[in-house]
Amino acid sequence: TWESAQENAKALGGDLATINSQEENDWLVNELFGDEKASTKITDKGSAIWLGHKLNNNGEYVSVTEDEDLYNNWGSGEYSDGIGKGEQYTILNLYDNSSRDPGSMNTVANQQNGDSHIFYGLAEVKLNEINDIDDSVLNE
């Protein structure tokens, strides 16, 4: 479930990922979609991953971390369809077909019907800002 994925992300010290820009979305697609990447390893498990956008009481998809700058690469009709159906959660698609591109977002219910079930989430863990970093090694 989405809640299980969020609990796992919290256990890692973060939350389910929210996408804040097209550049971040493009980077995720580059890192996760393609031969020998996550997309080829989860084809029997929904070919998508849970994200940290959730439907709120006002009928809007918002970040679980309260990020205000959200990039929403909605698949065709997904946003309004999701709100109409009360689908509370979002996923990042890691497949390519005639109706969806890798990196597009869908809205989904917590329990999917049929053969496609989402089993994985994408955790976003912020680096500890307390760590001292030797800036001189960054230039090497």
# chains A, B, ... in the order shown; residues from 1 in each chain; ligands from 1
$ select_by_dssp --residues "stretch 38-139 of chain A" --states "helix (DSSP H, G or I)" --output "JSON, numbers by chain"
{"A": [38, 39, 40, 41, 43, 44, 45, 78, 79, 80, 81, 82, 83, 84, 85, 135, 136, 137, 138, 139]}
$ write_last_selection --atoms "all heavy atoms" --output "tab-separated table (two decimals), in the first residue's frame"
chain	number	residue	atom	x	y	z
A	38	ALA	N	15.68	0.03	-13.10
A	38	ALA	CA	14.52	-0.36	-12.28
A	38	ALA	C	13.31	-0.76	-13.14
A	38	ALA	O	12.61	-1.71	-12.82
A	38	ALA	CB	14.14	0.76	-11.33
A	39	SER	N	13.09	-0.05	-14.22
A	39	SER	CA	11.89	-0.33	-15.04
A	39	SER	C	11.85	-1.76	-15.56
A	39	SER	O	10.78	-2.35	-15.68
A	39	SER	CB	11.80	0.65	-16.21
A	39	SER	OG	12.91	0.50	-17.08
A	40	THR	N	13.00	-2.33	-15.86
A	40	THR	CA	13.02	-3.70	-16.38
A	40	THR	C	12.92	-4.73	-15.26
A	40	THR	O	12.64	-5.90	-15.53
A	40	THR	CB	14.29	-3.98	-17.21
A	40	THR	OG1	15.44	-3.80	-16.38
A	40	THR	CG2	14.37	-3.08	-18.43
A	41	LYS	N	13.12	-4.30	-14.03
A	41	LYS	CA	13.09	-5.23	-12.91
A	41	LYS	C	11.75	-5.28	-12.21
A	41	LYS	O	11.52	-6.17	-11.40
A	41	LYS	CB	14.19	-4.86	-11.91
A	41	LYS	CG	15.56	-5.00	-12.55
A	41	LYS	CD	16.66	-4.52	-11.67
A	41	LYS	CE	17.94	-4.65	-12.48
A	41	LYS	NZ	19.12	-4.29	-11.84
A	43	THR	N	8.62	-5.03	-13.99
A	43	THR	CA	7.54	-5.16	-14.97
A	43	THR	C	6.40	-6.03	-14.46
A	43	THR	O	5.25	-5.82	-14.84
A	43	THR	CB	8.05	-5.71	-16.31
A	43	THR	OG1	8.69	-6.97	-16.06
A	43	THR	CG2	9.00	-4.75	-16.98
A	44	ASP	N	6.68	-7.00	-13.60
A	44	ASP	CA	5.62	-7.84	-13.06
A	44	ASP	C	5.02	-7.25	-11.78
A	44	ASP	O	4.17	-7.86	-11.15
A	44	ASP	CB	6.15	-9.24	-12.77
A	44	ASP	CG	7.25	-9.26	-11.72
A	44	ASP	OD1	7.95	-8.24	-11.57
A	44	ASP	OD2	7.41	-10.29	-11.06
A	45	LYS	N	5.43	-6.06	-11.42
A	45	LYS	CA	4.96	-5.44	-10.19
A	45	LYS	C	4.40	-4.04	-10.45
A	45	LYS	O	4.54	-3.14	-9.64
A	45	LYS	CB	6.08	-5.39	-9.16
A	45	LYS	CG	6.51	-6.79	-8.73
A	45	LYS	CD	7.70	-6.75	-7.82
A	45	LYS	CE	8.05	-8.12	-7.31
A	45	LYS	NZ	8.36	-9.10	-8.32
A	78	GLU	N	-5.36	12.27	-16.32
A	78	GLU	CA	-5.16	11.66	-15.00
A	78	GLU	C	-5.60	12.55	-13.84
A	78	GLU	O	-6.23	12.08	-12.91
A	78	GLU	CB	-3.70	11.25	-14.80
A	78	GLU	CG	-3.36	9.95	-15.42
A	78	GLU	CD	-4.15	8.78	-14.85
A	78	GLU	OE1	-4.36	8.71	-13.63
A	78	GLU	OE2	-4.54	7.92	-15.64
A	79	TYR	N	-5.24	13.81	-13.88
A	79	TYR	CA	-5.54	14.68	-12.74
A	79	TYR	C	-7.04	14.75	-12.48
A	79	TYR	O	-7.50	14.45	-11.37
A	79	TYR	CB	-4.96	16.08	-12.97
A	79	TYR	CG	-5.07	16.99	-11.78
A	79	TYR	CD1	-4.13	16.94	-10.78
A	79	TYR	CD2	-6.12	17.89	-11.65
A	79	TYR	CE1	-4.21	17.76	-9.66
A	79	TYR	CE2	-6.22	18.72	-10.55
A	79	TYR	CZ	-5.27	18.66	-9.56
A	79	TYR	OH	-5.36	19.47	-8.46
A	80	SER	N	-7.81	15.14	-13.48
A	80	SER	CA	-9.26	15.28	-13.28
A	80	SER	C	-9.93	13.94	-13.04
A	80	SER	O	-10.85	13.82	-12.24
A	80	SER	CB	-9.90	16.01	-14.46
A	80	SER	OG	-9.66	15.30	-15.66
A	81	ASP	N	-9.46	12.89	-13.72
A	81	ASP	CA	-10.01	11.56	-13.52
A	81	ASP	C	-9.75	11.08	-12.09
A	81	ASP	O	-10.63	10.52	-11.44
A	81	ASP	CB	-9.38	10.58	-14.52
A	81	ASP	CG	-9.89	9.16	-14.34
A	81	ASP	OD1	-11.10	8.95	-14.50
A	81	ASP	OD2	-9.07	8.28	-14.03
A	82	GLY	N	-8.55	11.33	-11.59
A	82	GLY	CA	-8.21	10.93	-10.24
A	82	GLY	C	-9.05	11.63	-9.19
A	82	GLY	O	-9.53	11.01	-8.24
A	83	ILE	N	-9.23	12.93	-9.38
A	83	ILE	CA	-10.06	13.69	-8.44
A	83	ILE	C	-11.50	13.18	-8.50
A	83	ILE	O	-12.14	12.96	-7.47
A	83	ILE	CB	-9.96	15.20	-8.72
A	83	ILE	CG1	-8.58	15.69	-8.33
A	83	ILE	CG2	-11.06	15.96	-7.98
A	83	ILE	CD1	-8.31	17.13	-8.66
A	84	GLY	N	-12.01	12.96	-9.72
A	84	GLY	CA	-13.37	12.47	-9.89
A	84	GLY	C	-13.60	11.12	-9.22
A	84	GLY	O	-14.68	10.86	-8.67
A	85	LYS	N	-12.60	10.27	-9.25
A	85	LYS	CA	-12.71	8.94	-8.64
A	85	LYS	C	-12.26	8.92	-7.18
A	85	LYS	O	-12.38	7.90	-6.51
A	85	LYS	CB	-11.85	7.94	-9.41
A	85	LYS	CG	-12.35	7.64	-10.80
A	85	LYS	CD	-11.40	6.67	-11.48
A	85	LYS	CE	-11.84	6.36	-12.89
A	85	LYS	NZ	-10.84	5.51	-13.58
A	135	ASP	N	35.18	21.50	1.63
A	135	ASP	CA	34.90	22.04	0.29
A	135	ASP	C	36.08	21.87	-0.66
A	135	ASP	O	35.89	21.85	-1.88
A	135	ASP	CB	34.52	23.50	0.37
A	135	ASP	CG	33.17	23.72	1.02
A	135	ASP	OD1	32.36	22.77	1.05
A	135	ASP	OD2	32.91	24.84	1.48
A	136	SER	N	37.30	21.76	-0.16
A	136	SER	CA	38.44	21.67	-1.03
A	136	SER	C	38.42	20.37	-1.88
A	136	SER	O	38.90	20.36	-2.99
A	136	SER	CB	39.75	21.74	-0.25
A	136	SER	OG	39.88	20.61	0.61
A	137	VAL	N	37.83	19.31	-1.35
A	137	VAL	CA	37.77	18.07	-2.12
A	137	VAL	C	36.71	18.12	-3.22
A	137	VAL	O	36.74	17.34	-4.15
A	137	VAL	CB	37.53	16.82	-1.23
A	137	VAL	CG1	38.68	16.64	-0.26
A	137	VAL	CG2	36.20	16.91	-0.52
A	138	LEU	N	35.78	19.06	-3.12
A	138	LEU	CA	34.73	19.17	-4.13
A	138	LEU	C	35.27	19.71	-5.45
A	138	LEU	O	34.69	19.50	-6.50
A	138	LEU	CB	33.59	20.05	-3.64
A	138	LEU	CG	32.86	19.54	-2.40
A	138	LEU	CD1	31.81	20.57	-1.97
A	138	LEU	CD2	32.22	18.20	-2.67
A	139	ASN	N	36.37	20.42	-5.39
A	139	ASN	CA	36.94	21.00	-6.61
A	139	ASN	C	37.90	20.08	-7.32
A	139	ASN	O	38.43	20.40	-8.36
A	139	ASN	CB	37.64	22.32	-6.28
A	139	ASN	CG	36.67	23.37	-5.79
A	139	ASN	OD1	35.53	23.42	-6.26
A	139	ASN	ND2	37.08	24.18	-4.84
$ residues_around --residues "A:Tyr71" --least-positions-apart "2" --cutoff "8 Å" --atoms "only C-alpha atoms" --output "list in words"
Ile19, Asn20, Ser21, Gln22, Asn25, Asp69 and Asn73 of chain A
$ select_by_dssp --residues "chain A" --states "strand (DSSP E or B)" --output "VMD selection string"
chain A and resid 15 to 16 48 to 55 61 to 63 74 89 to 93 105 to 108 121 123 to 124
$ closest_residue --among "A:Asp15, A:Glu36, A:Glu31, A:Glu24" --to "A:His53" --atoms "only C-alpha atoms"
A:Asp15
$ residues_around --residues "A:Ala17" --least-positions-apart "6" --cutoff "9 Å" --atoms "only C-alpha atoms" --output "list in words"
Ala9, Trp50, Leu51, Gly52, His53, Ser63, Val64, Thr65, Gly121, Leu122, Ala123, Glu124 and Val125 of chain A
$ atom_distance --atom1 "atom CA of A:Ile118" --atom2 "atom CA of A:Ser99"
18.5 Å
$ residues_around --residues "stretch 105-107 of chain A" --least-positions-apart "3" --cutoff "6 Å" --atoms "only C-alpha atoms" --output "PyMOL selection string"
chain A and resi 73-75+78+82+87+89-93
$ decode --residues "stretch 82-104 of chain A" --atoms "N, CA, C and O atoms" --output "JSON list (two decimals), in the first residue's frame"
[["chain", "number", "residue", "atom", "x", "y", "z"],
["A", 82, "GLY", "N", -8.55, 11.33, -11.59],
["A", 82, "GLY", "CA", -8.21, 10.93, -10.24],
["A", 82, "GLY", "C", -9.05, 11.63, -9.19],
["A", 82, "GLY", "O", -9.53, 11.01, -8.24],
["A", 83, "ILE", "N", -9.23, 12.93, -9.38],
["A", 83, "ILE", "CA", -10.06, 13.69, -8.44],
["A", 83, "ILE", "C", -11.50, 13.18, -8.50],
["A", 83, "ILE", "O", -12.14, 12.96, -7.47],
["A", 84, "GLY", "N", -12.01, 12.96, -9.72],
["A", 84, "GLY", "CA", -13.37, 12.47, -9.89],
["A", 84, "GLY", "C", -13.60, 11.12, -9.22],
["A", 84, "GLY", "O", -14.68, 10.86, -8.67],
["A", 85, "LYS", "N", -12.60, 10.27, -9.25],
["A", 85, "LYS", "CA", -12.71, 8.94, -8.64],
["A", 85, "LYS", "C", -12.26, 8.92, -7.18],
["A", 85, "LYS", "O", -12.38, 7.90, -6.51],
["A", 86, "GLY", "N", -11.73, 10.04, -6.71],
["A", 86, "GLY", "CA", -11.22, 10.09, -5.34],
["A", 86, "GLY", "C", -9.96, 9.27, -5.14],
["A", 86, "GLY", "O", -9.69, 8.80, -4.03],
["A", 87, "GLU", "N", -9.19, 9.10, -6.22],
["A", 87, "GLU", "CA", -7.93, 8.35, -6.11],
["A", 87, "GLU", "C", -6.93, 9.21, -5.34],
["A", 87, "GLU", "O", -6.57, 10.29, -5.79],
["A", 88, "GLN", "N", -6.52, 8.73, -4.19],
["A", 88, "GLN", "CA", -5.75, 9.55, -3.26],
["A", 88, "GLN", "C", -4.26, 9.62, -3.54],
["A", 88, "GLN", "O", -3.58, 10.48, -3.00],
["A", 89, "TYR", "N", -3.72, 8.74, -4.35],
["A", 89, "TYR", "CA", -2.26, 8.60, -4.43],
["A", 89, "TYR", "C", -1.75, 8.78, -5.84],
["A", 89, "TYR", "O", -2.49, 8.69, -6.81],
["A", 90, "THR", "N", -0.44, 9.00, -5.96],
["A", 90, "THR", "CA", 0.17, 9.19, -7.26],
["A", 90, "THR", "C", 1.31, 8.19, -7.46],
["A", 90, "THR", "O", 1.94, 7.75, -6.51],
["A", 91, "ILE", "N", 1.54, 7.89, -8.73],
["A", 91, "ILE", "CA", 2.64, 7.00, -9.10],
["A", 91, "ILE", "C", 3.40, 7.63, -10.26],
["A", 91, "ILE", "O", 2.87, 8.43, -11.02],
["A", 92, "LEU", "N", 4.66, 7.24, -10.36],
["A", 92, "LEU", "CA", 5.52, 7.62, -11.48],
["A", 92, "LEU", "C", 5.60, 6.40, -12.39],
["A", 92, "LEU", "O", 6.01, 5.32, -11.96],
["A", 93, "ASN", "N", 5.17, 6.57, -13.63],
["A", 93, "ASN", "CA", 5.19, 5.46, -14.59],
["A", 93, "ASN", "C", 6.60, 5.18, -15.08],
["A", 93, "ASN", "O", 7.33, 6.10, -15.44],
["A", 94, "LEU", "N", 6.94, 3.91, -15.12],
["A", 94, "LEU", "CA", 8.23, 3.48, -15.65],
["A", 94, "LEU", "C", 8.02, 2.53, -16.82],
["A", 94, "LEU", "O", 8.65, 1.49, -16.92],
["A", 95, "TYR", "N", 7.11, 2.91, -17.68],
["A", 95, "TYR", "CA", 6.86, 2.16, -18.91],
["A", 95, "TYR", "C", 6.54, 3.13, -20.02],
["A", 95, "TYR", "O", 6.28, 4.31, -19.79],
["A", 96, "ASP", "N", 6.56, 2.64, -21.23],
["A", 96, "ASP", "CA", 6.32, 3.46, -22.41],
["A", 96, "ASP", "C", 5.32, 2.73, -23.29],
["A", 96, "ASP", "O", 5.58, 1.62, -23.74],
["A", 97, "ASN", "N", 4.15, 3.33, -23.48],
["A", 97, "ASN", "CA", 3.17, 2.76, -24.40],
["A", 97, "ASN", "C", 2.44, 3.88, -25.12],
["A", 97, "ASN", "O", 2.80, 5.04, -24.97],
["A", 98, "SER", "N", 1.41, 3.55, -25.86],
["A", 98, "SER", "CA", 0.73, 4.56, -26.67],
["A", 98, "SER", "C", 0.02, 5.63, -25.85],
["A", 98, "SER", "O", -0.22, 6.73, -26.34],
["A", 99, "SER", "N", -0.29, 5.34, -24.58],
["A", 99, "SER", "CA", -1.01, 6.34, -23.78],
["A", 99, "SER", "C", -0.18, 6.95, -22.65],
["A", 99, "SER", "O", -0.58, 7.93, -22.06],
["A", 100, "ARG", "N", 0.98, 6.38, -22.36],
["A", 100, "ARG", "CA", 1.81, 6.90, -21.27],
["A", 100, "ARG", "C", 3.29, 6.84, -21.63],
["A", 100, "ARG", "O", 3.76, 5.90, -22.25],
["A", 101, "ASP", "N", 3.99, 7.88, -21.21],
["A", 101, "ASP", "CA", 5.43, 7.95, -21.38],
["A", 101, "ASP", "C", 6.10, 7.68, -20.05],
["A", 101, "ASP", "O", 5.53, 7.97, -18.99],
["A", 102, "PRO", "N", 7.33, 7.19, -20.06],
["A", 102, "PRO", "CA", 8.06, 7.06, -18.79],
["A", 102, "PRO", "C", 8.20, 8.43, -18.15],
["A", 102, "PRO", "O", 8.50, 9.41, -18.83],
["A", 103, "GLY", "N", 7.96, 8.48, -16.86],
["A", 103, "GLY", "CA", 8.04, 9.75, -16.15],
["A", 103, "GLY", "C", 6.73, 10.48, -16.03],
["A", 103, "GLY", "O", 6.64, 11.48, -15.33],
["A", 104, "SER", "N", 5.69, 9.99, -16.71],
["A", 104, "SER", "CA", 4.38, 10.60, -16.52],
["A", 104, "SER", "C", 3.80, 10.10, -15.21],
["A", 104, "SER", "O", 4.20, 9.07, -14.67]]
